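What follows is a single structure, written as structure tokens, with notes after it.
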Number of protein chains: 2
Amino acid sequence: MRQALPIIQMTTAPGQLDLAWGHPAPELLPVTALQRAGAAALATFGPDMLQYGYANGPGPLVTYLLDRIAAHEGRRPAPEELLVTSGISLGLELVLRRITRPGDVVLVESPTYHLALRIMRDQGLTLVPVPADAGGLRLDALAEAITTQERAGRPARALYLVPTFSNPTGRSLAANRRAALVALAQAAGLLILEDDVYRELAYDAPAPPSLWSLAPAGGVARLGAFSKSLAPGLRLGWLTAPPDLIRPLADGGLLDSGGGLNHFTALVVAALCAAGDYDRNVANVRAAYRHRRDTLLAALREHLPAGCRLETPRGGFFVWVELPEGADSATLLPAAEAEGVAYLPGPRFHLDGGGRQALRLAFSYYPADQLAEAARRLGRALRATV
Amino acid sequence: MRQALPIIQMTTAPGQLDLAWGHPAPELLPVTALQRAGAAALATFGPDMLQYGYANGPGPLVTYLLDRIAAHEGRRPAPEELLVTSGISLGLELVLRRITRPGDVVLVESPTYHLALRIMRDQGLTLVPVPADAGGLRLDALAEAITTQERAGRPARALYLVPTFSNPTGRSLAANRRAALVALAQAAGLLILEDDVYRELAYDAPAPPSLWSLAPAGGVARLGAFSKSLAPGLRLGWLTAPPDLIRPLADGGLLDSGGGLNHFTALVVAALCAAGDYDRNVANVRAAYRHRRDTLLAALREHLPAGCRLETPRGGFFVWVELPEGADSATLLPAAEAEGVAYLPGPRFHLDGGGRQALRLAFSYYPADQLAEAARRLGRALRATV
């Protein structure tokens, strides 16, 4: 008798509170809204939902996104500036394949999303870290990296960053650095790859303007998605970028052959949005994740030993904890797991072995009481070892 | 007031019967079965349907595919030999990106699927045509191409072909060439990219064995999909290939970051399959397309001028018409369009300008009476011009 094969990606060891996973809470995933939307979409669109889809994405979802972006970001993309994607990971891969060759140099904020680093490495790209501080990416360091690469005859093609509610730090690029970053990148002919997946998850104030909204003259490819604001299993996102980047993707062989990247799901989500369930869901998860964040922060401040530092993330899924001088998050992990709690050590988000003194905790998956318990366990492990 | 943006890819000029499009018939797309399946899947799988999916594809669909392949092809893939994809086009692109670099040489059957040629060209690959005859790919020509490339110091990395109910010719690789092709490719270290999208659409007899099923020792990446047997808008397919090709895709950054390629839709289709609706749909479309094929063939034999040659395709979507000596399908197209019928000229499926005397007609989209009318119009156009 064969063992059943897994359905989902996440696995956790029994007894562990594994805060390494930046996955949404199962109980917050909108199963009922999608049941309504699936039925409504098939009733509304019929066979059009099952046919080869329009390359840029089906009109009803594209129009919803254009309107929503206009309302929230003060800049309405032209239809030729938007492409519906099957998630940010593939969108990032398709854009990079369009603008780079193996061996090309891409600058990356450091620390940054560790799996984006893997996607870029898998494409044979040479990644050069650019340090961030409490205000996000350091523009002086960026200017220096650009110059260094130009002098070395290997000009950087692109810059990848998560400027809003960053993974892993939860920090956002300071407001006064945003327009300056856009100008700096444009002057250097550097395409900014803006991973904007956490935009909707703003807990204390509206999210800062996207880099894309500040770059009407081009230079920014902004990757958005429904993964955190609705459901990651949908594999649905969008790209807003200059027409000269969108067009070759929309007109290329891949979409000419297969049609739009995720047509069926895009129309299910279009129906969900039209019913008002997207706005309702965003409000719902925002409130729920805000409570989880506050609960985890309070418990961490209570239980972590002196010398640990943490900030309040204003959005997203993560708390970044800095340990006392000399502590090493990687070597501490077994002690934490022995207490029944896990995290991702800081070096996972660095290219240069940095971040040994830091660790990332996700507050997205577990309910508040379990987050508080996780903080207690982490406190016990750290007090015993640092 | 803005004009509504398109939902689907296909566009046709008013009054035209456009047999250039190899798209399924809207009235044959299983809207009702998908309504049932969507509701059943969300009820059965709940939040697991919306979470990050397992990299190789969700267990319920993977298990269904393993069982179906075992039952129909006499060889059961191991779970690590199968990856659920978001369609053949992306599957082809991901495999090629894994095994090639820009500038590498890939051999392609000639004539072959014109948009696969675009996908491969977009990746900067050098494509070398290998001629086919009535029995499909010519093995003598393949052996010669392999040797020529090796002698030139640019060994071919892969061979792309549609060996079963080919697009554009409707022909299948002869039974006695299949094992020999596998052996020849293995000896040359050439990965066979088997585009198997028409397998289920067999009208007169079971489809010949897949090249993958004849290659237990490896050497074949078989790309399957639900696009023709269920619905292309789902963007759902599968790859059966050696573990050493599947593993780096499943473990790579793209799927580690995003989870399975089309998780939500994969579970909708798993529920549809479990309900028996996939088998019912395959039987239904097989009968419907067989009737369309027979109607178009009879009308073509009645109306096409002497000197036109065509064969009966045993499956798939297409009839390949060879025109009388000296006729040119590209220059004839305007005359056909003036009569209200369109097709794809043969050269579109060749890399070397060949096929000028041939054209491809799709019998998938239009009902029988319109196919008969299309044949009458084509006959008028050809009689007036050839």
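Numbering starts fresh at 1 for the residues of each chain in the structure tokens, the chains themselves are lettered A, B, ... in the order given, and ligands are numbered from 1 as they appear.
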For B:Ala205, find every residue with an atom within 12 Å (counting only C-alpha atoms), except residues of its own chain fewer than 4 positions away, and show them as a VMD selection string. chain B and resid 165 199 to 201 209 286 290 313 to 315
Surrounding residues of A:Gly38 excluding itself and chain neighbours under 4 positions, 12 Å, only C-alpha atoms, as number ranges by chain: A: 31-34, 42-46, 49, 264-273, 275; B: 31-32, 34-42, 264-265, 268
Can you tell me, as a PyMOL selection string, what residues are no more than 8 Å from A:Gly233 when counting only C-alpha atoms, ignoring any on the same chain fewer than 3 positions away? (chain A and resi 227) or (chain B and resi 49-53+259-260+262-264)
Set the distance at 6 Å and use only C-alpha atoms: which residues neighbour A:Gly224 once local chain neighbours fewer than 5 positions away are removed? I'd like the list as an MDAnalysis selection string. chainID A and resid 196:197 237:238
Looking only at the backbone, which of the residues in stretch 317-377 of chain A does DSSP tag as strand (DSSP E), as a PyMOL selection string? chain A and resi 318-322+341-342+344-345+358-362
Could you turn the residues from that selection into a file that holds N, CA, C and O atoms, as a CSV table (one decimal), in the first residue's frame?
```
chain,number,residue,atom,x,y,z
A,318,PHE,N,7.3,39.5,9.1
A,318,PHE,CA,8.5,39.1,9.8
A,318,PHE,C,8.9,40.0,10.9
A,318,PHE,O,8.8,41.2,10.8
A,319,VAL,N,9.5,39.5,12.0
A,319,VAL,CA,10.2,40.2,13.0
A,319,VAL,C,11.7,39.8,12.9
A,319,VAL,O,12.0,38.6,12.8
A,320,TRP,N,12.6,40.8,12.9
A,320,TRP,CA,14.0,40.5,12.7
A,320,TRP,C,14.6,40.8,14.1
A,320,TRP,O,14.5,41.9,14.7
A,321,VAL,N,15.2,39.8,14.7
A,321,VAL,CA,15.8,39.9,16.0
A,321,VAL,C,17.3,39.9,16.0
A,321,VAL,O,17.9,39.1,15.3
A,322,GLU,N,17.9,40.9,16.6
A,322,GLU,CA,19.3,41.0,16.7
A,322,GLU,C,19.8,40.6,18.1
A,322,GLU,O,19.2,41.0,19.1
A,341,VAL,N,11.1,25.4,19.3
A,341,VAL,CA,10.9,26.6,18.4
A,341,VAL,C,12.0,26.7,17.4
A,341,VAL,O,13.1,26.3,17.6
A,342,ALA,N,11.6,27.1,16.2
A,342,ALA,CA,12.6,27.2,15.1
A,342,ALA,C,12.5,28.6,14.4
A,342,ALA,O,11.4,29.2,14.5
A,344,LEU,N,14.7,31.2,11.0
A,344,LEU,CA,15.7,31.2,10.0
A,344,LEU,C,16.9,32.1,10.5
A,344,LEU,O,16.7,33.2,10.8
A,345,PRO,N,18.1,31.5,10.5
A,345,PRO,CA,19.3,32.3,10.9
A,345,PRO,C,19.6,33.4,9.9
A,345,PRO,O,19.4,33.2,8.7
A,358,ALA,N,21.8,37.8,13.8
A,358,ALA,CA,20.4,38.1,13.7
A,358,ALA,C,19.6,36.8,13.3
A,358,ALA,O,20.2,35.8,12.8
A,359,LEU,N,18.3,36.9,13.5
A,359,LEU,CA,17.4,35.8,13.1
A,359,LEU,C,16.0,36.3,12.7
A,359,LEU,O,15.6,37.4,13.1
A,360,ARG,N,15.3,35.6,11.8
A,360,ARG,CA,14.0,36.0,11.3
A,360,ARG,C,12.9,35.1,11.9
A,360,ARG,O,13.0,33.9,11.9
A,361,LEU,N,11.9,35.7,12.4
A,361,LEU,CA,10.7,35.1,12.9
A,361,LEU,C,9.5,35.5,12.1
A,361,LEU,O,9.3,36.6,11.9
A,362,ALA,N,8.7,34.5,11.6
A,362,ALA,CA,7.5,34.8,10.9
A,362,ALA,C,6.3,34.7,11.9
A,362,ALA,O,6.2,33.7,12.6
```
Kindly provide, as a PyMOL selection string, the residues of chain B having any atom no farther than 6 Å from an atom of chain A, counting only C-alpha atoms. chain B and resi 5-9+26+29+35+39+47+50-54+58-59+89+115+118-119+231-234+253-254+257-258+263-264
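Nearest to A:Ala215 of all the residues A:His350, A:Leu127, A:Arg75, A:Thr100 is A:Arg75, based on only C-alpha atoms.
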Please identify all polymer residues within 10 Å of stretch 104-111 of chain A, counting only C-alpha atoms, omitting same-chain residues fewer than 6 positions from it, and present them as a VMD selection string. chain A and resid 96 117 120 to 121 123 to 133 136 to 138 142 145 to 146 149 154 to 163 166 to 169 190 to 193 346 to 352 354 to 355
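Between atom CA of B:Leu239 and atom CA of B:Leu82 there is a distance of 5.6 Å.
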Taking 3 positions as the minimum chain separation for residues in the same chain, which residues sit within 8 Å of A:Arg383 when counting only C-alpha atoms? Answer as a PyMOL selection string. chain A and resi 304-305+379-380+386
Name the residues of stretch 163-323 of chain B that come out as alpha helix (DSSP H) in a backbone DSSP run; write them as a ChimeraX atom specification. /B:175-188,243-251,253-258,263-274,277-303
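Between atom CA of A:Glu339 and atom CA of A:Thr312 lies a distance of 24.8 Å.
Atom CA of A:Arg222 sits 4.6 Å away from atom CA of A:Glu194.
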